[in-house]
>>> print(open('my_file_6.cif').read())   # mmCIF, C-alpha atoms
data_input
loop_
_atom_site.group_PDB
_atom_site.id
_atom_site.type_symbol
_atom_site.label_atom_id
_atom_site.label_comp_id
_atom_site.auth_asym_id
_atom_site.auth_seq_id
_atom_site.Cartn_x
_atom_site.Cartn_y
_atom_site.Cartn_z
ATOM 1 C CA MET A 94 95.343 -7.712 -22.272
ATOM 2 C CA ASN A 95 95.917 -8.422 -18.584
ATOM 3 C CA LYS A 96 99.187 -8.786 -16.690
ATOM 4 C CA SER A 97 98.947 -12.603 -16.607
ATOM 5 C CA PHE A 98 98.971 -12.749 -20.422
ATOM 6 C CA TYR A 99 102.252 -10.857 -20.608
ATOM 7 C CA ILE A 100 103.781 -13.039 -17.884
ATOM 8 C CA ILE A 101 102.901 -16.157 -19.890
ATOM 9 C CA ILE A 102 104.312 -14.695 -23.121
ATOM 10 C CA PHE A 103 107.494 -13.734 -21.261
ATOM 11 C CA PHE A 104 108.042 -17.263 -20.006
ATOM 12 C CA ILE A 105 107.297 -18.822 -23.398
ATOM 13 C CA PHE A 106 109.934 -16.509 -24.855
ATOM 14 C CA LEU A 107 112.469 -17.576 -22.225
ATOM 15 C CA ILE A 108 111.749 -21.245 -22.829
ATOM 16 C CA ASN A 109 112.171 -20.947 -26.582
ATOM 17 C CA THR A 110 115.266 -18.744 -26.522
ATOM 18 C CA GLU A 111 117.197 -20.388 -23.714
ATOM 19 C CA LYS A 112 116.450 -24.100 -24.146
ATOM 20 C CA ASN A 113 119.957 -24.425 -25.580
ATOM 21 C CA ILE A 114 121.647 -23.329 -22.355
ATOM 22 C CA TYR A 115 122.685 -26.959 -21.798
ATOM 23 C CA ALA A 116 123.207 -27.879 -25.469
ATOM 24 C CA LYS A 117 126.943 -28.459 -25.065
ATOM 25 C CA ASP A 118 126.152 -31.187 -22.551
ATOM 26 C CA MET A 119 123.675 -32.954 -24.824
ATOM 27 C CA THR A 120 125.697 -33.240 -28.014
ATOM 28 C CA GLY A 121 129.124 -34.114 -29.339
ATOM 29 C CA ASP A 122 132.045 -34.847 -27.037
ATOM 30 C CA ASN A 123 130.118 -33.608 -24.000
ATOM 31 C CA GLN A 124 127.312 -36.155 -24.383
ATOM 32 C CA GLU A 125 128.548 -38.174 -21.402
ATOM 33 C CA ASN A 126 128.942 -35.172 -19.103
ATOM 34 C CA ASP A 127 128.046 -36.321 -15.595
ATOM 35 C CA THR A 128 127.192 -32.878 -14.221
ATOM 36 C CA VAL A 129 123.744 -32.624 -12.663
ATOM 37 C CA PHE A 130 122.378 -29.093 -13.011
ATOM 38 C CA ILE A 131 120.580 -27.934 -9.860
ATOM 39 C CA ASN A 132 118.126 -25.279 -11.048
ATOM 40 C CA ILE A 133 116.848 -22.945 -8.355
ATOM 41 C CA GLN A 134 115.877 -19.307 -8.024
ATOM 42 C CA PRO A 135 116.340 -17.188 -4.878
ATOM 43 C CA ARG A 136 113.970 -18.255 -2.148
ATOM 44 C CA THR A 137 114.782 -17.083 1.347
ATOM 45 C CA PRO A 138 115.426 -18.847 3.724
ATOM 46 C CA PHE A 139 115.896 -22.038 1.663
ATOM 47 C CA PHE A 140 118.259 -20.769 -1.059
ATOM 48 C CA ILE A 141 119.780 -17.324 -0.541
ATOM 49 C CA TYR A 142 121.688 -15.304 -3.129
ATOM 50 C CA LYS A 143 123.981 -12.392 -2.377
ATOM 51 C CA LYS A 144 123.342 -9.273 -4.428
ATOM 52 C CA ASN A 145 124.292 -9.683 -8.108
ATOM 53 C CA ASP A 146 125.347 -13.336 -7.614
ATOM 54 C CA SER A 147 124.150 -15.903 -10.143
ATOM 55 C CA LYS A 148 124.367 -18.843 -7.724
ATOM 56 C CA PRO A 149 123.170 -19.365 -4.134
ATOM 57 C CA SER A 150 125.672 -19.112 -1.298
ATOM 58 C CA ASP A 151 123.511 -19.573 1.786
ATOM 59 C CA GLY A 152 120.219 -21.000 3.004
ATOM 60 C CA VAL A 153 119.035 -23.836 5.223
ATOM 61 C CA ALA A 154 118.223 -26.164 2.299
ATOM 62 C CA TYR A 155 121.303 -25.045 0.340
ATOM 63 C CA HIS A 156 123.784 -26.165 3.000
ATOM 64 C CA LEU A 157 121.952 -29.419 3.642
ATOM 65 C CA LEU A 158 121.718 -30.272 -0.062
ATOM 66 C CA LYS A 159 125.396 -29.498 -0.680
ATOM 67 C CA LYS A 160 126.370 -31.840 2.147
ATOM 68 C CA ILE A 161 124.172 -34.611 0.717
ATOM 69 C CA LEU A 162 125.418 -34.246 -2.880
ATOM 70 C CA ASN A 163 129.064 -33.973 -1.862
ATOM 71 C CA SER A 164 128.764 -37.072 0.319
ATOM 72 C CA ALA A 165 127.108 -38.914 -2.582
ATOM 73 C CA ASN A 166 130.010 -37.932 -4.895
ATOM 74 C CA VAL A 167 127.599 -36.367 -7.355
ATOM 75 C CA LYS A 168 129.055 -33.755 -9.695
ATOM 76 C CA TYR A 169 126.651 -30.808 -9.702
ATOM 77 C CA GLU A 170 126.296 -27.153 -10.630
ATOM 78 C CA PHE A 171 123.772 -24.607 -9.376
ATOM 79 C CA ASN A 172 121.920 -22.490 -11.955
ATOM 80 C CA ASN A 173 119.455 -19.634 -11.529
ATOM 81 C CA ILE A 174 116.706 -20.966 -13.806
ATOM 82 C CA PRO A 175 112.903 -20.507 -13.417
ATOM 83 C CA LEU A 176 111.007 -23.681 -12.585
ATOM 84 C CA VAL A 177 108.763 -23.349 -15.638
ATOM 85 C CA ARG A 178 111.830 -23.747 -17.879
ATOM 86 C CA THR A 179 113.251 -26.542 -15.740
ATOM 87 C CA LEU A 180 110.027 -28.517 -16.168
ATOM 88 C CA VAL A 181 110.372 -28.255 -19.951
ATOM 89 C CA LEU A 182 113.885 -29.724 -19.711
ATOM 90 C CA MET A 183 112.617 -32.508 -17.460
ATOM 91 C CA LYS A 184 109.896 -33.453 -19.937
ATOM 92 C CA GLU A 185 112.400 -33.446 -22.810
ATOM 93 C CA ASN A 186 114.665 -35.678 -20.679
ATOM 94 C CA LYS A 187 117.856 -34.777 -22.526
ATOM 95 C CA THR A 188 119.533 -32.926 -19.659
ATOM 96 C CA LYS A 189 120.581 -34.036 -16.188
ATOM 97 C CA VAL A 190 118.654 -31.412 -14.287
ATOM 98 C CA CYS A 191 117.081 -31.278 -10.818
ATOM 99 C CA TYR A 192 114.905 -28.877 -8.862
ATOM 100 C CA PRO A 193 115.770 -28.994 -5.137
ATOM 101 C CA ASN A 194 112.748 -27.402 -3.455
ATOM 102 C CA ALA A 195 110.057 -29.710 -4.791
ATOM 103 C CA LEU A 196 106.909 -31.081 -3.230
ATOM 104 C CA MET A 197 105.728 -34.556 -4.199
ATOM 105 C CA ILE A 198 103.188 -34.049 -7.000
ATOM 106 C CA LYS A 199 101.371 -37.064 -8.469
ATOM 107 C CA SER A 200 100.956 -35.467 -11.886
ATOM 108 C CA ARG A 201 104.748 -35.251 -12.342
ATOM 109 C CA LEU A 202 105.613 -38.850 -11.506
ATOM 110 C CA SER A 203 105.424 -39.884 -15.162
ATOM 111 C CA TYR A 204 108.431 -37.797 -16.211
ATOM 112 C CA VAL A 205 110.582 -37.186 -13.105
ATOM 113 C CA PHE A 206 112.407 -39.066 -10.378
ATOM 114 C CA TYR A 207 111.956 -37.907 -6.803
ATOM 115 C CA SER A 208 114.579 -38.428 -4.147
ATOM 116 C CA LYS A 209 113.624 -39.240 -0.600
ATOM 117 C CA PRO A 210 112.513 -36.118 1.284
ATOM 118 C CA TYR A 211 115.568 -34.302 2.608
ATOM 119 C CA PHE A 212 114.006 -31.297 4.357
ATOM 120 C CA LYS A 213 110.938 -31.099 6.583
ATOM 121 C CA ASP A 214 109.179 -27.756 6.280
ATOM 122 C CA LYS A 215 106.572 -26.201 8.565
ATOM 123 C CA ARG A 216 102.909 -26.167 7.606
ATOM 124 C CA THR A 217 101.545 -24.067 4.737
ATOM 125 C CA SER A 218 99.625 -20.983 5.866
ATOM 126 C CA ILE A 219 97.587 -18.180 4.344
ATOM 127 C CA LEU A 220 99.362 -14.817 4.170
ATOM 128 C CA LEU A 221 97.184 -11.692 4.008
ATOM 129 C CA ARG A 222 97.110 -8.024 4.964
ATOM 130 C CA LYS A 223 96.552 -7.260 8.637
ATOM 131 C CA ASP A 224 93.756 -4.826 7.857
ATOM 132 C CA ASP A 225 91.804 -7.264 5.677
ATOM 133 C CA ASN A 226 88.961 -8.591 7.845
ATOM 134 C CA ARG A 227 87.287 -10.650 5.126
ATOM 135 C CA PHE A 228 89.097 -13.845 6.154
ATOM 136 C CA THR A 229 87.944 -13.955 9.788
ATOM 137 C CA GLU A 230 84.987 -16.274 9.280
ATOM 138 C CA TYR A 231 86.874 -18.919 7.281
ATOM 139 C CA LYS A 232 88.435 -21.974 8.877
ATOM 140 C CA THR A 233 89.693 -23.801 5.774
ATOM 141 C CA PHE A 234 91.530 -23.014 2.546
ATOM 142 C CA SER A 235 88.683 -24.686 0.652
ATOM 143 C CA GLU A 236 86.176 -22.201 2.117
ATOM 144 C CA ILE A 237 88.376 -19.224 1.211
ATOM 145 C CA LEU A 238 88.657 -20.385 -2.399
ATOM 146 C CA LYS A 239 84.873 -20.393 -2.780
ATOM 147 C CA ASN A 240 84.769 -16.622 -2.220
ATOM 148 C CA LYS A 241 85.244 -15.192 -5.711
ATOM 149 C CA ASN A 242 85.948 -11.735 -4.295
ATOM 150 C CA LEU A 243 89.185 -12.930 -2.674
ATOM 151 C CA ARG A 244 92.077 -13.006 -5.150
ATOM 152 C CA ILE A 245 94.788 -15.608 -4.612
ATOM 153 C CA LEU A 246 98.337 -14.799 -5.734
ATOM 154 C CA LEU A 247 100.123 -17.839 -7.170
ATOM 155 C CA LYS A 248 103.720 -18.231 -8.320
ATOM 156 C CA ILE A 249 103.686 -19.072 -12.017
ATOM 157 C CA GLY A 250 104.954 -22.582 -12.767
ATOM 158 C CA TYR A 251 104.900 -23.682 -9.114
ATOM 159 C CA ALA A 252 103.005 -26.550 -7.557
ATOM 160 C CA TYR A 253 101.962 -26.329 -3.925
ATOM 161 C CA GLY A 254 101.278 -29.960 -3.044
ATOM 162 C CA ASN A 255 98.661 -32.565 -3.924
ATOM 163 C CA TYR A 256 95.863 -31.336 -1.643
ATOM 164 C CA ILE A 257 96.193 -27.706 -2.742
ATOM 165 C CA GLU A 258 96.448 -28.743 -6.388
ATOM 166 C CA GLU A 259 93.316 -30.898 -6.133
ATOM 167 C CA THR A 260 91.390 -28.193 -4.247
ATOM 168 C CA LEU A 261 92.305 -25.475 -6.761
ATOM 169 C CA ASN A 262 91.345 -27.738 -9.635
ATOM 170 C CA LYS A 263 88.034 -28.671 -8.031
ATOM 171 C CA THR A 264 87.057 -25.153 -6.973
ATOM 172 C CA LYS A 265 88.659 -22.970 -9.648
ATOM 173 C CA LYS A 266 89.180 -25.456 -12.518
ATOM 174 C CA TYR A 267 92.830 -24.446 -12.440
ATOM 175 C CA ILE A 268 95.853 -26.746 -12.289
ATOM 176 C CA THR A 269 98.581 -25.507 -9.952
ATOM 177 C CA GLY A 270 101.801 -25.018 -11.868
ATOM 178 C CA SER A 271 99.977 -24.294 -15.115
ATOM 179 C CA VAL A 272 100.928 -21.310 -17.270
ATOM 180 C CA LYS A 273 97.708 -21.326 -19.260
ATOM 181 C CA SER A 274 95.808 -18.079 -19.577
ATOM 182 C CA ASP A 275 92.253 -19.443 -19.271
ATOM 183 C CA LYS A 276 91.973 -18.974 -15.529
ATOM 184 C CA PRO A 277 89.389 -17.244 -13.334
ATOM 185 C CA ASP A 278 89.960 -13.552 -12.588
ATOM 186 C CA GLU A 279 90.422 -14.270 -8.897
ATOM 187 C CA ILE A 280 93.678 -16.142 -9.620
ATOM 188 C CA ILE A 281 96.599 -13.736 -10.030
ATOM 189 C CA LEU A 282 99.857 -15.153 -11.417
ATOM 190 C CA SER A 283 103.252 -13.767 -10.433
ATOM 191 C CA SER A 284 106.785 -14.369 -11.682
ATOM 192 C CA ASN A 285 108.316 -12.506 -8.722
ATOM 193 C CA ASP A 286 110.451 -13.883 -5.891
ATOM 194 C CA ASN A 287 109.005 -14.323 -2.414
ATOM 195 C CA TYR A 288 109.990 -10.798 -1.283
ATOM 196 C CA GLU A 289 108.172 -9.173 -4.199
ATOM 197 C CA MET A 290 105.158 -11.445 -3.812
ATOM 198 C CA LEU A 291 104.759 -10.209 -0.236
ATOM 199 C CA ASN A 292 104.988 -6.661 -1.586
ATOM 200 C CA GLU A 293 102.271 -7.512 -4.116
ATOM 201 C CA ILE A 294 99.941 -8.476 -1.271
ATOM 202 C CA ILE A 295 100.771 -5.237 0.575
ATOM 203 C CA GLU A 296 100.103 -3.253 -2.622
ATOM 204 C CA LYS A 297 96.802 -5.115 -3.130
ATOM 205 C CA ASN A 298 97.789 -6.806 -6.379
ATOM 206 C CA GLY A 299 96.396 -9.915 -4.700
ATOM 207 C CA ASP A 300 94.518 -10.501 -1.451
ATOM 208 C CA TYR A 301 96.316 -13.580 -0.141
ATOM 209 C CA MET A 302 98.936 -16.153 -0.978
ATOM 210 C CA LEU A 303 100.115 -19.535 0.250
ATOM 211 C CA ILE A 304 103.383 -19.610 2.142
ATOM 212 C CA SER A 305 105.383 -21.931 4.340
ATOM 213 C CA ARG A 306 105.099 -20.780 7.951
ATOM 214 C CA TYR A 307 108.865 -21.332 8.235
ATOM 215 C CA GLU A 308 109.404 -19.005 5.271
ATOM 216 C CA ALA A 309 106.956 -16.343 6.513
ATOM 217 C CA GLU A 310 108.399 -16.260 10.027
ATOM 218 C CA TYR A 311 111.902 -15.777 8.603
ATOM 219 C CA LEU A 312 110.815 -12.971 6.260
ATOM 220 C CA PHE A 313 108.871 -11.227 9.035
ATOM 221 C CA LYS A 314 111.923 -11.322 11.271
ATOM 222 C CA GLU A 315 114.177 -10.075 8.479
ATOM 223 C CA ASN A 316 112.007 -7.119 7.445
ATOM 224 C CA PRO A 317 109.710 -5.287 9.917
ATOM 225 C CA LYS A 318 107.729 -3.941 6.962
ATOM 226 C CA TYR A 319 106.250 -7.385 6.382
ATOM 227 C CA LYS A 320 105.529 -8.021 10.045
ATOM 228 C CA ASN A 321 103.808 -4.649 10.394
ATOM 229 C CA SER A 322 101.665 -4.963 7.279
ATOM 230 C CA LEU A 323 100.971 -8.689 6.942
ATOM 231 C CA THR A 324 99.775 -11.580 9.049
ATOM 232 C CA ILE A 325 99.613 -15.380 8.841
ATOM 233 C CA LYS A 326 96.395 -17.364 9.117
ATOM 234 C CA ASP A 327 96.521 -21.106 9.788
ATOM 235 C CA VAL A 328 93.617 -23.105 8.367
ATOM 236 C CA ASP A 329 92.360 -26.527 9.381
ATOM 237 C CA ASP A 330 92.832 -28.298 6.046
ATOM 238 C CA LEU A 331 96.509 -27.256 5.714
ATOM 239 C CA ASN A 332 97.580 -28.640 9.082
ATOM 240 C CA TYR A 333 100.379 -30.894 7.814
ATOM 241 C CA ASN A 334 104.131 -30.345 7.498
ATOM 242 C CA GLU A 335 105.368 -30.392 3.903
ATOM 243 C CA LYS A 336 108.463 -32.369 2.921
ATOM 244 C CA ARG A 337 110.899 -31.074 0.312
ATOM 245 C CA TYR A 338 112.367 -33.386 -2.337
ATOM 246 C CA LEU A 339 114.978 -33.271 -5.062
ATOM 247 C CA MET A 340 113.001 -33.622 -8.322
ATOM 248 C CA CYS A 341 115.085 -34.727 -11.309
ATOM 249 C CA SER A 342 114.766 -35.535 -14.995
ATOM 250 C CA LYS A 343 114.828 -39.305 -15.494
ATOM 251 C CA ILE A 344 118.075 -39.113 -17.476
ATOM 252 C CA VAL A 345 119.783 -38.392 -14.140
ATOM 253 C CA GLY A 346 119.338 -42.117 -13.599
ATOM 254 C CA GLN A 347 118.127 -44.350 -10.810
ATOM 255 C CA GLU A 348 121.701 -45.159 -9.769
ATOM 256 C CA THR A 349 122.432 -41.500 -9.013
ATOM 257 C CA ILE A 350 119.104 -41.115 -7.201
ATOM 258 C CA ASN A 351 119.943 -44.200 -5.121
ATOM 259 C CA LYS A 352 123.307 -42.690 -4.126
ATOM 260 C CA ILE A 353 121.586 -39.455 -3.141
ATOM 261 C CA ASN A 354 118.905 -41.334 -1.185
ATOM 262 C CA HIS A 355 121.567 -43.268 0.704
ATOM 263 C CA GLN A 356 123.126 -40.016 1.902
ATOM 264 C CA ILE A 357 119.740 -38.453 2.695
ATOM 265 C CA LYS A 358 119.027 -41.397 4.961
ATOM 266 C CA LYS A 359 122.369 -40.884 6.717
ATOM 267 C CA ILE A 360 122.383 -37.089 6.898
ATOM 268 C CA ALA A 361 118.784 -35.888 6.928
ATOM 269 C CA ASN A 362 116.671 -38.880 7.838
ATOM 270 C CA PHE A 363 113.390 -38.110 9.584
ATOM 271 C CA ASP A 364 110.056 -39.825 10.091
#
>>> encode(input="my_file_6.cif", output="structure tokens")
Amino acid sequence: MNKSFYIIIFFIFLINTEKNIYAKDMTGDNQENDTVFINIQPRTPFFIYKKNDSKPSDGVAYHLLKKILNSANVKYEFNNIPLVRTLVLMKENKTKVCYPNALMIKSRLSYVFYSKPYFKDKRTSILLRKDDNRFTEYKTFSEILKNKNLRILLKIGYAYGNYIEETLNKTKKYITGSVKSDKPDEIILSSNDNYEMLNEIIEKNGDYMLISRYEAEYLFKENPKYKNSLTIKDVDDLNYNEKRYLMCSKIVGQETINKINHQIKKIANFD
């Protein structure tokens, strides 16, 4: 059995054993609890955790989001919860839960509310090893995907945006964000944070990954190891700046989303 199978089993176990983490807020006297749980894992430079902390304390998106939620008078609590489990809670729609680093994905519109975009990211780029010359001839992400000898490293449970999702589905018959095991061998799934995913590329557990240029530049500056071993390749079909949204279960309610949107417009409005 390959590594991806064990990753999937691990996440299924987490989903089944920890779905009751919010049970006290869904039953009994706590049924009307107004707390919105903001589920996020460490992702430098957006949400940064100090060592051994269970909640973020720094990050460019963290400070901006706190300002927006506080100004909207929304009661909230940060939790370190994998996105794959958060999506289960959103589909069940029994818990007021949000994911704050979301891209707008068409396939999720049926079961979530999206806020207005509150953070404008840099373009998505290809991250690869400096000594890997196999990418030189390619000008687009679509072209790279057609080479079955190049293994893409994807974060399990994540979605990377509509164009990337559609291109992966068309070329690899794989839905971004899926945890299913029937995937081509050239797709490698990872449950690691962004630091460890960069290490996986260095260690040749995958040949390339998708990364925000903003994120890559920060990590390169923070750790010379990454800058010395890895490089960023911009491709023509990923030449747009992504926008980050707050994605919430519908039980959060349109009224709360409207309050948040009002503050986004005041605090973080951009074209």
>>> atom_distance(input="my_file_6.cif", atom1="atom CA of Lys265 of chain A", atom2="atom CA of Lys241 of chain A")
9.4 Å
>>> closest_residue(input="my_file_6.cif", among="A:Ile133, A:Ile325, A:Leu291, A:Leu162", to="Ile357 of chain A", atoms="only C-alpha atoms")
A:Leu162
>>> resolve_selection(input="my_file_6.cif", expression="the PyMOL selection byres ((chain A and resi 262) around 12)", output="PDB file with C-alpha atoms, in the frame of the given file")
ATOM      1  CA  SER A 235      88.683 -24.686   0.652  1.00  0.00           C
ATOM      2  CA  LEU A 238      88.657 -20.385  -2.399  1.00  0.00           C
ATOM      3  CA  LYS A 239      84.873 -20.393  -2.780  1.00  0.00           C
ATOM      4  CA  ALA A 252     103.005 -26.550  -7.557  1.00  0.00           C
ATOM      5  CA  ASN A 255      98.661 -32.565  -3.924  1.00  0.00           C
ATOM      6  CA  TYR A 256      95.863 -31.336  -1.643  1.00  0.00           C
ATOM      7  CA  ILE A 257      96.193 -27.706  -2.742  1.00  0.00           C
ATOM      8  CA  GLU A 258      96.448 -28.743  -6.388  1.00  0.00           C
ATOM      9  CA  GLU A 259      93.316 -30.898  -6.133  1.00  0.00           C
ATOM     10  CA  THR A 260      91.390 -28.193  -4.247  1.00  0.00           C
ATOM     11  CA  LEU A 261      92.305 -25.475  -6.761  1.00  0.00           C
ATOM     12  CA  LYS A 263      88.034 -28.671  -8.031  1.00  0.00           C
ATOM     13  CA  THR A 264      87.057 -25.153  -6.973  1.00  0.00           C
ATOM     14  CA  LYS A 265      88.659 -22.970  -9.648  1.00  0.00           C
ATOM     15  CA  LYS A 266      89.180 -25.456 -12.518  1.00  0.00           C
ATOM     16  CA  TYR A 267      92.830 -24.446 -12.440  1.00  0.00           C
ATOM     17  CA  ILE A 268      95.853 -26.746 -12.289  1.00  0.00           C
ATOM     18  CA  THR A 269      98.581 -25.507  -9.952  1.00  0.00           C
ATOM     19  CA  GLY A 270     101.801 -25.018 -11.868  1.00  0.00           C
ATOM     20  CA  SER A 271      99.977 -24.294 -15.115  1.00  0.00           C
ATOM     21  CA  LYS A 276      91.973 -18.974 -15.529  1.00  0.00           C
ATOM     22  CA  PRO A 277      89.389 -17.244 -13.334  1.00  0.00           C
ATOM     23  CA  ILE A 280      93.678 -16.142  -9.620  1.00  0.00           C
TER      24      ILE A 280
END
>>> closest_residue(input="my_file_6.cif", among="A:Lys213, A:Phe234, A:Thr324, A:Glu296", to="Leu157 of chain A", atoms="only C-alpha atoms")
A:Lys213
>>> closest_residue(input="my_file_6.cif", among="A:Asn172, A:Asn321, A:Ser208, A:Gln134", to="Gln347 of chain A", atoms="only C-alpha atoms")
A:Ser208
>>> atom_distance(input="my_file_6.cif", atom1="atom CA of Lys160 of chain A", atom2="atom CA of Thr217 of chain A")
26.1 Å
>>> resolve_selection(input="my_file_6.cif", expression="the PyMOL selection byres ((chain A and resi 146) around 12)", output="VMD selection string")
chain A and resid 134 to 135 141 to 145 147 to 151 171 to 173
>>> write_last_selection(input="my_file_6.cif", atoms="C-alpha atoms", output="PDB file, in the frame of the given file")
ATOM      1  CA  GLN A 134     115.877 -19.307  -8.024  1.00  0.00           C
ATOM      2  CA  PRO A 135     116.340 -17.188  -4.878  1.00  0.00           C
ATOM      3  CA  ILE A 141     119.780 -17.324  -0.541  1.00  0.00           C
ATOM      4  CA  TYR A 142     121.688 -15.304  -3.129  1.00  0.00           C
ATOM      5  CA  LYS A 143     123.981 -12.392  -2.377  1.00  0.00           C
ATOM      6  CA  LYS A 144     123.342  -9.273  -4.428  1.00  0.00           C
ATOM      7  CA  ASN A 145     124.292  -9.683  -8.108  1.00  0.00           C
ATOM      8  CA  SER A 147     124.150 -15.903 -10.143  1.00  0.00           C
ATOM      9  CA  LYS A 148     124.367 -18.843  -7.724  1.00  0.00           C
ATOM     10  CA  PRO A 149     123.170 -19.365  -4.134  1.00  0.00           C
ATOM     11  CA  SER A 150     125.672 -19.112  -1.298  1.00  0.00           C
ATOM     12  CA  ASP A 151     123.511 -19.573   1.786  1.00  0.00           C
ATOM     13  CA  PHE A 171     123.772 -24.607  -9.376  1.00  0.00           C
ATOM     14  CA  ASN A 172     121.920 -22.490 -11.955  1.00  0.00           C
ATOM     15  CA  ASN A 173     119.455 -19.634 -11.529  1.00  0.00           C
TER      16      ASN A 173
END
>>> axis_aligned_box(input="my_file_6.cif", around="segment 337-341 of chain A", padding_each_side="8 Å", output="AutoDock Vina command-line options")
--center_x 113.0 --center_y -32.9 --center_z -5.5 --size_x 20.2 --size_y 19.7 --size_z 27.6
>>> atom_distance(input="my_file_6.cif", atom1="atom CA of Thr137 of chain A", atom2="atom CA of Val153 of chain A")
8.9 Å
